[in-house]
Amino acid sequence: MQQNRMERAEKFLVRLVGREGADKGHSRSIMFLLAVLKQLSRIFRFVVQLRHFCYNKGIFRHHMLGCQVISVGNLTVGGTGKTPVVEIFARELQKEGRRVAILSRGYKKSQPPFLQRLANKLTLHAHRSPPRVVSDGNRLLLDSAMSGDEPYMLASNLPNVAVLVGKDRVKSGRYAINKLGCDTLILDDGFQYLALKPRVQIVLVDKTNPFGNENVLPRGILREPVKNIKRANFIFITKSDGKDTDVLCDRLRSLNPNAEIIECRHCPRYLQNVFSNERRELSALDGIKVTTLSGIAAPLGFEKSVESFGSALLKRYRFADHHRYSQQEMIDIINESHELGADAIITTEKDAVRFPNVGRRDTPIYYLRVDIEILSGAQDFKDSIAHICFQDVEPVVAA
């Protein structure tokens with residue numbers, strides 16, 4: 001399966017800087033590249049900390065929209081399992097009577113051509129135009145290309161929750177309050193979005209790779225220094241198995257003694273056919289031959305999960321995170337899987353929303369539906385939901 005050069009370079013760099021020790025034993029040219037990335041990392045770290053300083057000192061303005069704002073984010077790029085956590089918060093808040101809107105940037109959504117975007121900025125059209133509404137809480141209005149795969153997935157799974165995408169999430173929040181009647185905003189991937197002030201700050205930490213090699217981008221996978229986790233009110237340790245977390249918990253408590261720490265795992269629930277919506281129990285994987293297909297930041301956990309249900313994994317098809325599949329790629333994968341003798345192709349829900357419709361059905365494609373299961377700190381989680389839901393806050397939009 002051919003992939004473009006940019007994707008191959010991206011996957012190589014992610015492997016190189018993604019984990020502690022992955023940068024050992026390389027050629028001189030690679031070591032030189034790493035040395036350059038280290039210097040760029042120092043510049044990036046300085047800019048990040050300067051930006052925090054400017055917000056803390058009031059040089060840049062925090063906006064407060066007069067309603068409940070919950071931020072769900074992480075310190076690292078990709079792979080912490082953020083979307084199911086956003087979904088469970090939105091679902092629980094909506095059940096308690098809140099009118100919820102999820103505000104997302106819509107990473108890798110379709111964009112107008114560069115010259116049109118430039119003209120929009122110069123004429124202030126971008127400032128005046130409304131955010132993209134993926135769902136108004138009643139109807140799904142945009143596809144995954146226009147919204148981004150994660151917002152589309154959230155909107156599909158949460159029929160009574162509004163989902164908006166746009167770089168300016170202050171503007172998106174105002175729109176959600178004034179036009180859609182929302183009283184609770186969830187900032188998706190909001191830990192680094194400082195312009196909108198949250199009342200609750202939730203940070204996710206992947207137990208299998210908490211902080212990479214502890215360098216910030218581009219030498220590591222951190223978006224900001226580890227010490228900045230002190231801003232969090234709640235820390236979710238994701239992808240946990242409930243074992244051997246004492247060292248990580250001690251580290252997190254030393255960095256942030258006040259945050260509640262909640263352990264959770266991503267729990268597979270069922271298989272669903274990508275094109276027919278047929279559902280099957282996970283036991284259907286036992287004893288069959290499969291290939292896996294994923295374009296996510298951390299595919300290994302997904303692949304191990306598929307194998308854990310007794311399937312024989314014939315081949316792993318891996319693409320760069322947020323890869324948008326072409327029809328020819330899908331046909332090639334189906335053909336090759338069929339030739340290998342696969343009974344099914346198993347993918348992720350995030351990938352499924354990026355598939356084009358193809359006529360081939362001889363090798364069925366199922367996505368693995370996953371949600372969150374709390375392992376420890378469950379009472380803290382329930383208390384936090386109750387605290388968020390029952391606060392009496394009148395939505396008053398800041399000027």
# chains A, B, ... in the order shown; residues from 1 in each chain; ligands from 1
>>> closest_atom_pairs(of="segment 222-275 of chain A", to="segment 199-202 of chain A", cutoff="8 Å", atoms="only C-alpha atoms", output="CSV")
residue,atom,partner,partner_atom,distance
A:Arg231,CA,A:Gln201,CA,7.2
A:Ala232,CA,A:Gln201,CA,5.0
A:Asn233,CA,A:Gln201,CA,5.2
A:Phe234,CA,A:Ile202,CA,4.8
A:Ile235,CA,A:Ile202,CA,5.9
A:Phe236,CA,A:Ile202,CA,7.3
>>> select_by_dssp(residues="segment 29-166 of chain A", states="strand (DSSP E or B)", output="list in words")
His63, Gln68, Val69, Ile70, Ser71, Val72, Gly73, Asn74, Thr76, Val100, Ala101, Ile102, Leu103, Ser104, Arg132, Val133, Val134, Ser135, Asp136, Leu140, Ala162, Val163, Leu164 and Val165 of chain A
>>> residues_around(residues="segment 304-315 of chain A", least_positions_apart="6", cutoff="9 Å", atoms="only C-alpha atoms", output="ChimeraX atom specification")
/A:268,282-293,337,340-342,346,368
>>> write_last_selection(atoms="C-alpha atoms", output="compact mmCIF listing (two decimals), in the first residue's frame")
# COMPACT_ATOMS: atom_id res chain seq x y z
CA PRO A 268 -14.54 -2.34 23.62
CA LEU A 282 -17.19 -9.09 20.31
CA SER A 283 -17.30 -12.88 20.59
CA ALA A 284 -17.65 -12.90 16.78
CA LEU A 285 -13.90 -12.19 16.63
CA ASP A 286 -13.02 -15.48 18.30
CA GLY A 287 -11.29 -17.81 15.85
CA ILE A 288 -11.62 -15.70 12.70
CA LYS A 289 -8.90 -14.21 10.50
CA VAL A 290 -8.81 -10.41 10.27
CA THR A 291 -6.76 -7.47 9.07
CA THR A 292 -6.76 -4.17 10.94
CA LEU A 293 -6.92 -0.71 9.38
CA SER A 337 -7.42 -8.65 2.70
CA LEU A 340 -4.94 -13.08 2.41
CA GLY A 341 -8.04 -15.02 3.45
CA ALA A 342 -9.36 -12.47 5.96
CA ILE A 346 -11.48 -4.31 11.68
CA LEU A 368 -14.70 -1.44 17.16
>>> residues_around(residues="Leu50 of chain A", least_positions_apart="5", cutoff="12 Å", atoms="only C-alpha atoms", output="list in words")
Ile43, Phe44, Arg45, Tyr55, Asn56, Lys57, Ile59, Phe60 and Glu224 of chain A
>>> write_last_selection(atoms="N, CA and C atoms", output="mmCIF file, in the first residue's frame")
data_model
loop_
_atom_site.group_PDB
_atom_site.id
_atom_site.type_symbol
_atom_site.label_atom_id
_atom_site.label_comp_id
_atom_site.auth_asym_id
_atom_site.auth_seq_id
_atom_site.Cartn_x
_atom_site.Cartn_y
_atom_site.Cartn_z
ATOM 1 N N ILE A 43 13.111 26.620 21.619
ATOM 2 C CA ILE A 43 12.420 27.834 21.174
ATOM 3 C C ILE A 43 10.915 27.688 21.404
ATOM 4 N N PHE A 44 10.384 26.518 21.032
ATOM 5 C CA PHE A 44 8.948 26.269 21.199
ATOM 6 C C PHE A 44 8.557 26.365 22.667
ATOM 7 N N ARG A 45 9.373 25.769 23.542
ATOM 8 C CA ARG A 45 9.090 25.806 24.980
ATOM 9 C C ARG A 45 9.058 27.252 25.488
ATOM 10 N N TYR A 55 -0.926 35.646 29.394
ATOM 11 C CA TYR A 55 -2.300 35.444 29.865
ATOM 12 C C TYR A 55 -2.391 35.641 31.381
ATOM 13 N N ASN A 56 -1.404 35.128 32.104
ATOM 14 C CA ASN A 56 -1.424 35.260 33.566
ATOM 15 C C ASN A 56 -1.332 36.710 34.015
ATOM 16 N N LYS A 57 -0.605 37.525 33.269
ATOM 17 C CA LYS A 57 -0.412 38.930 33.633
ATOM 18 C C LYS A 57 -1.454 39.854 33.020
ATOM 19 N N ILE A 59 -1.869 40.532 29.861
ATOM 20 C CA ILE A 59 -1.467 41.133 28.589
ATOM 21 C C ILE A 59 -2.354 40.596 27.470
ATOM 22 N N PHE A 60 -2.615 39.280 27.503
ATOM 23 C CA PHE A 60 -3.630 38.681 26.648
ATOM 24 C C PHE A 60 -4.867 38.424 27.511
ATOM 25 N N GLU A 224 3.420 21.228 25.878
ATOM 26 C CA GLU A 224 3.954 22.179 26.844
ATOM 27 C C GLU A 224 4.653 21.379 27.938
#
>>> closest_residue(among="A:Asn160, A:Thr238, A:Ser294, A:Thr76", to="Cys182 of chain A", atoms="only C-alpha atoms")
A:Asn160
>>> residues_around(residues="Ala101 of chain A", least_positions_apart="2", cutoff="9 Å", atoms="only C-alpha atoms", output="mmCIF file with N, CA and C atoms, in the first residue's frame")
data_model
loop_
_atom_site.group_PDB
_atom_site.id
_atom_site.type_symbol
_atom_site.label_atom_id
_atom_site.label_comp_id
_atom_site.auth_asym_id
_atom_site.auth_seq_id
_atom_site.Cartn_x
_atom_site.Cartn_y
_atom_site.Cartn_z
ATOM 1 N N ALA A 90 -20.292 14.839 28.030
ATOM 2 C CA ALA A 90 -21.429 15.454 27.355
ATOM 3 C C ALA A 90 -22.708 14.662 27.607
ATOM 4 N N ARG A 99 -28.058 21.916 28.659
ATOM 5 C CA ARG A 99 -28.049 22.094 27.207
ATOM 6 C C ARG A 99 -26.584 22.259 26.813
ATOM 7 N N LEU A 103 -17.265 22.366 21.767
ATOM 8 C CA LEU A 103 -16.535 23.301 20.908
ATOM 9 C C LEU A 103 -15.205 22.669 20.518
ATOM 10 N N ASP A 136 -26.794 20.934 15.595
ATOM 11 C CA ASP A 136 -27.434 21.957 16.431
ATOM 12 C C ASP A 136 -28.118 21.344 17.650
ATOM 13 N N GLY A 137 -27.865 20.052 17.896
ATOM 14 C CA GLY A 137 -28.512 19.346 18.991
ATOM 15 C C GLY A 137 -29.777 18.641 18.570
ATOM 16 N N VAL A 161 -26.838 16.838 21.653
ATOM 17 C CA VAL A 161 -25.749 17.744 22.024
ATOM 18 C C VAL A 161 -25.297 18.508 20.782
ATOM 19 N N ALA A 162 -25.139 19.818 20.913
ATOM 20 C CA ALA A 162 -24.640 20.632 19.800
ATOM 21 C C ALA A 162 -23.134 20.460 19.668
ATOM 22 N N VAL A 163 -22.640 20.463 18.444
ATOM 23 C CA VAL A 163 -21.205 20.370 18.171
ATOM 24 C C VAL A 163 -20.849 21.458 17.165
ATOM 25 N N LEU A 164 -19.870 22.303 17.535
ATOM 26 C CA LEU A 164 -19.435 23.394 16.666
ATOM 27 C C LEU A 164 -17.934 23.310 16.458
ATOM 28 N N GLY A 173 -18.438 29.638 21.240
ATOM 29 C CA GLY A 173 -19.163 29.592 22.503
ATOM 30 C C GLY A 173 -20.293 30.609 22.549
ATOM 31 N N ALA A 176 -23.102 29.335 20.418
ATOM 32 C CA ALA A 176 -23.814 28.240 21.070
ATOM 33 C C ALA A 176 -24.780 28.760 22.132
ATOM 34 N N ILE A 177 -24.374 29.794 22.856
ATOM 35 C CA ILE A 177 -25.225 30.371 23.909
ATOM 36 C C ILE A 177 -26.373 31.174 23.296
ATOM 37 N N LEU A 180 -28.163 28.820 19.991
ATOM 38 C CA LEU A 180 -28.611 27.450 20.241
ATOM 39 C C LEU A 180 -29.122 27.240 21.655
ATOM 40 N N CYS A 182 -27.518 27.138 24.561
ATOM 41 C CA CYS A 182 -26.706 26.241 25.391
ATOM 42 C C CYS A 182 -26.298 26.928 26.697
ATOM 43 N N ASP A 183 -26.187 26.122 27.765
ATOM 44 C CA ASP A 183 -25.754 26.666 29.053
ATOM 45 C C ASP A 183 -24.506 25.975 29.586
ATOM 46 N N THR A 184 -23.980 25.012 28.853
ATOM 47 C CA THR A 184 -22.769 24.304 29.265
ATOM 48 C C THR A 184 -21.902 24.062 28.026
ATOM 49 N N LEU A 185 -20.646 24.465 28.096
ATOM 50 C CA LEU A 185 -19.724 24.311 26.967
ATOM 51 C C LEU A 185 -18.611 23.354 27.346
ATOM 52 N N ILE A 186 -18.326 22.421 26.457
ATOM 53 C CA ILE A 186 -17.185 21.526 26.634
ATOM 54 C C ILE A 186 -16.151 21.863 25.582
ATOM 55 N N LEU A 187 -14.973 22.274 26.054
ATOM 56 C CA LEU A 187 -13.861 22.576 25.148
ATOM 57 C C LEU A 187 -13.151 21.280 24.816
#
>>> residues_around(residues="Lys197 of chain A", least_positions_apart="6", cutoff="6 Å", atoms="only C-alpha atoms", output="list in words")
His62, His63 and Met64 of chain A
>>> closest_atom_pairs(of="segment 137-252 of chain A", to="segment 325-335 of chain A", cutoff="12 Å", atoms="only C-alpha atoms", output="Markdown table")
| residue | atom | partner | partner_atom | distance |
| --- | --- | --- | --- | --- |
| A:Ser144 | CA | A:Tyr325 | CA | 12.0 |
| A:Ala145 | CA | A:Tyr325 | CA | 11.0 |
| A:Asp149 | CA | A:Tyr325 | CA | 11.9 |
>>> residues_around(residues="Val370 of chain A", least_positions_apart="5", cutoff="7 Å", atoms="only C-alpha atoms", output="ChimeraX atom specification")
/A:266-269
>>> closest_residue(among="A:Glu339, A:Glu373, A:Asp250, A:Asp241", to="Thr208 of chain A", atoms="only C-alpha atoms")
A:Asp241
>>> atom_distance(atom1="atom CA of Lys82 of chain A", atom2="atom CA of Lys207 of chain A")
13.1 Å
>>> closest_atom_pairs(of="segment 1-75 of chain A", to="segment 316-321 of chain A", cutoff="8 Å", atoms="only C-alpha atoms", output="CSV")
residue,atom,partner,partner_atom,distance
A:Gln3,CA,A:Phe319,CA,7.8
A:Glu7,CA,A:Ala320,CA,5.7
A:Arg8,CA,A:Ala320,CA,7.7
A:Glu10,CA,A:Ala320,CA,7.0
A:Lys11,CA,A:Ala320,CA,6.1
>>> atom_distance(atom1="atom CA of Ile261 of chain A", atom2="atom CA of Ser240 of chain A")
12.3 Å
>>> atom_distance(atom1="atom CA of Asn157 of chain A", atom2="atom CA of Gln192 of chain A")
25.4 Å
>>> closest_residue(among="A:Ser129, A:Asn273, A:Ser71, A:Asn209", to="Ala195 of chain A", atoms="only C-alpha atoms")
A:Ser71
>>> select_by_dssp(residues="segment 211-368 of chain A", states="helix (DSSP H, G or I)", output="short mmCIF file (atom, residue, chain, number, x, y, z; two decimals) with C-alpha atoms, in the first residue's frame")
data_model
loop_
_atom_site.label_atom_id
_atom_site.label_comp_id
_atom_site.auth_asym_id
_atom_site.auth_seq_id
_atom_site.Cartn_x
_atom_site.Cartn_y
_atom_site.Cartn_z
CA VAL A 226 5.05 18.51 32.14
CA LYS A 227 5.00 20.91 35.10
CA ASN A 228 2.08 22.78 33.50
CA ILE A 229 -0.24 19.95 34.50
CA LYS A 230 -0.56 21.89 37.77
CA ARG A 231 -3.43 23.80 36.07
CA ASP A 246 1.60 3.83 41.75
CA VAL A 247 4.74 5.39 40.22
CA LEU A 248 2.73 7.43 37.71
CA CYS A 249 0.22 8.52 40.38
CA ASP A 250 3.05 9.60 42.70
CA ARG A 251 4.59 11.63 39.87
CA LEU A 252 1.28 13.29 39.06
CA ARG A 253 0.63 14.11 42.73
CA SER A 254 4.09 15.69 43.02
CA LEU A 255 3.29 17.87 40.00
CA LEU A 282 -17.19 -9.09 20.31
CA SER A 283 -17.30 -12.88 20.59
CA ALA A 284 -17.65 -12.90 16.78
CA LEU A 285 -13.90 -12.19 16.63
CA PRO A 299 -2.58 2.06 16.78
CA LEU A 300 -0.88 -0.63 18.87
CA GLY A 301 -3.47 -0.61 21.66
CA PHE A 302 -6.31 -0.97 19.14
CA GLU A 303 -4.55 -3.86 17.38
CA LYS A 304 -3.83 -5.68 20.66
CA SER A 305 -7.46 -5.25 21.66
CA VAL A 306 -8.62 -6.93 18.43
CA GLU A 307 -6.22 -9.84 19.01
CA SER A 308 -7.31 -10.19 22.65
CA GLN A 327 -11.71 5.06 -2.78
CA GLN A 328 -8.76 3.37 -4.48
CA GLU A 329 -7.00 2.81 -1.13
CA MET A 330 -10.13 1.15 0.25
CA ILE A 331 -10.52 -1.09 -2.80
CA ASP A 332 -6.84 -2.10 -2.59
CA ILE A 333 -7.14 -2.92 1.14
CA ILE A 334 -10.32 -4.94 0.58
CA ASN A 335 -8.74 -6.83 -2.33
CA GLU A 336 -5.54 -7.62 -0.46
CA SER A 337 -7.42 -8.65 2.70
CA HIS A 338 -9.57 -10.97 0.58
CA GLU A 339 -6.48 -12.52 -1.04
CA LEU A 340 -4.94 -13.08 2.41
CA GLU A 349 -14.70 4.40 14.85
CA LYS A 350 -12.56 7.47 14.13
CA ASP A 351 -11.35 5.90 10.89
CA ALA A 352 -14.81 4.72 9.84
#
